[in-house]
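Report on the structure given below.
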Amino acid sequence: MPAKTKNRIPNQIRCYRRRRNLKLRQVAKLAGLRTPSHLSHWEKGRKVPNLENALRLSAIIQCPVEILFYDLFNAIRHDVFTKRQSSLTKRNDT
């Protein structure tokens, strides 16, 4: 998994939100959040949105989820690759 800074999940939400000139409140409202505090927690890496909210962010900000959570996505991809290679090696050994 990615290196967490003080138990935070790095992401690019704030960066891409700002590139689109969107305010925190605007994105929160478009995402159907009651307050912008949830979005703020996601941007700061304190919490991770569920799948539906991550997809909403992706649609609002017009950026793929795997780019918004680049470090996490790459860590997962590496983990899957490693497990796949291990599985293939074990299969070939038998």
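Chains: A, B, ... in order of the structure tokens. Residues: from 1 per chain. Ligands: from 1, in order shown.
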What lies within 12 Å of A:Cys63 using only C-alpha atoms, ignoring chain neighbours under 5 positions off, as a ChimeraX atom specification? /A:12-17,19-20,54-58,68-70
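Backbone DSSP over stretch 17-56 of chain A gives helix (DSSP H, G or I) for Arg17, Arg18, Arg19, Leu24, Arg25, Gln26, Val27, Ala28, Lys29, Leu30, Ala31, Ser37, His38, Leu39, Ser40, His41, Trp42, Glu43, Leu51, Glu52, Asn53, Ala54, Leu55 and Arg56 of chain A.
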Can you pull out the residues contacting A:His38? Cut-off 9 Å, using only C-alpha atoms, and skip same-chain residues under 5 positions away; I want them as a ChimeraX atom specification. /A:28,33,43,47,49
Using only N, CA, C and O atoms, please write the residues we just selected to a file, as an mmCIF file, in the first residue's frame.
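Once everything was written out, this is selection22.cif:
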data_model
loop_
_atom_site.group_PDB
_atom_site.id
_atom_site.type_symbol
_atom_site.label_atom_id
_atom_site.label_comp_id
_atom_site.auth_asym_id
_atom_site.auth_seq_id
_atom_site.Cartn_x
_atom_site.Cartn_y
_atom_site.Cartn_z
ATOM 1 N N ALA A 28 -19.099 19.849 -3.249
ATOM 2 C CA ALA A 28 -19.898 19.174 -2.220
ATOM 3 C C ALA A 28 -21.374 19.156 -2.608
ATOM 4 O O ALA A 28 -22.051 18.127 -2.491
ATOM 5 N N LEU A 33 -23.467 16.111 -1.009
ATOM 6 C CA LEU A 33 -23.006 16.068 0.381
ATOM 7 C C LEU A 33 -23.706 17.172 1.162
ATOM 8 O O LEU A 33 -23.933 18.269 0.641
ATOM 9 N N GLU A 43 -9.968 15.377 0.736
ATOM 10 C CA GLU A 43 -8.839 16.114 0.156
ATOM 11 C C GLU A 43 -7.606 16.035 1.044
ATOM 12 O O GLU A 43 -6.484 15.953 0.544
ATOM 13 N N LYS A 47 -9.874 10.683 5.271
ATOM 14 C CA LYS A 47 -10.850 9.641 4.970
ATOM 15 C C LYS A 47 -10.832 9.394 3.469
ATOM 16 O O LYS A 47 -10.369 10.228 2.693
ATOM 17 N N PRO A 49 -13.363 8.361 0.219
ATOM 18 C CA PRO A 49 -14.779 8.251 -0.141
ATOM 19 C C PRO A 49 -15.139 6.823 -0.537
ATOM 20 O O PRO A 49 -14.277 6.068 -0.998
#
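Atom CA of A:Lys29 is found 24.2 Å from atom CA of A:Arg8.
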Atom pair atom CA of A:Ile61 + atom CA of A:Val27, distance 8.0 Å
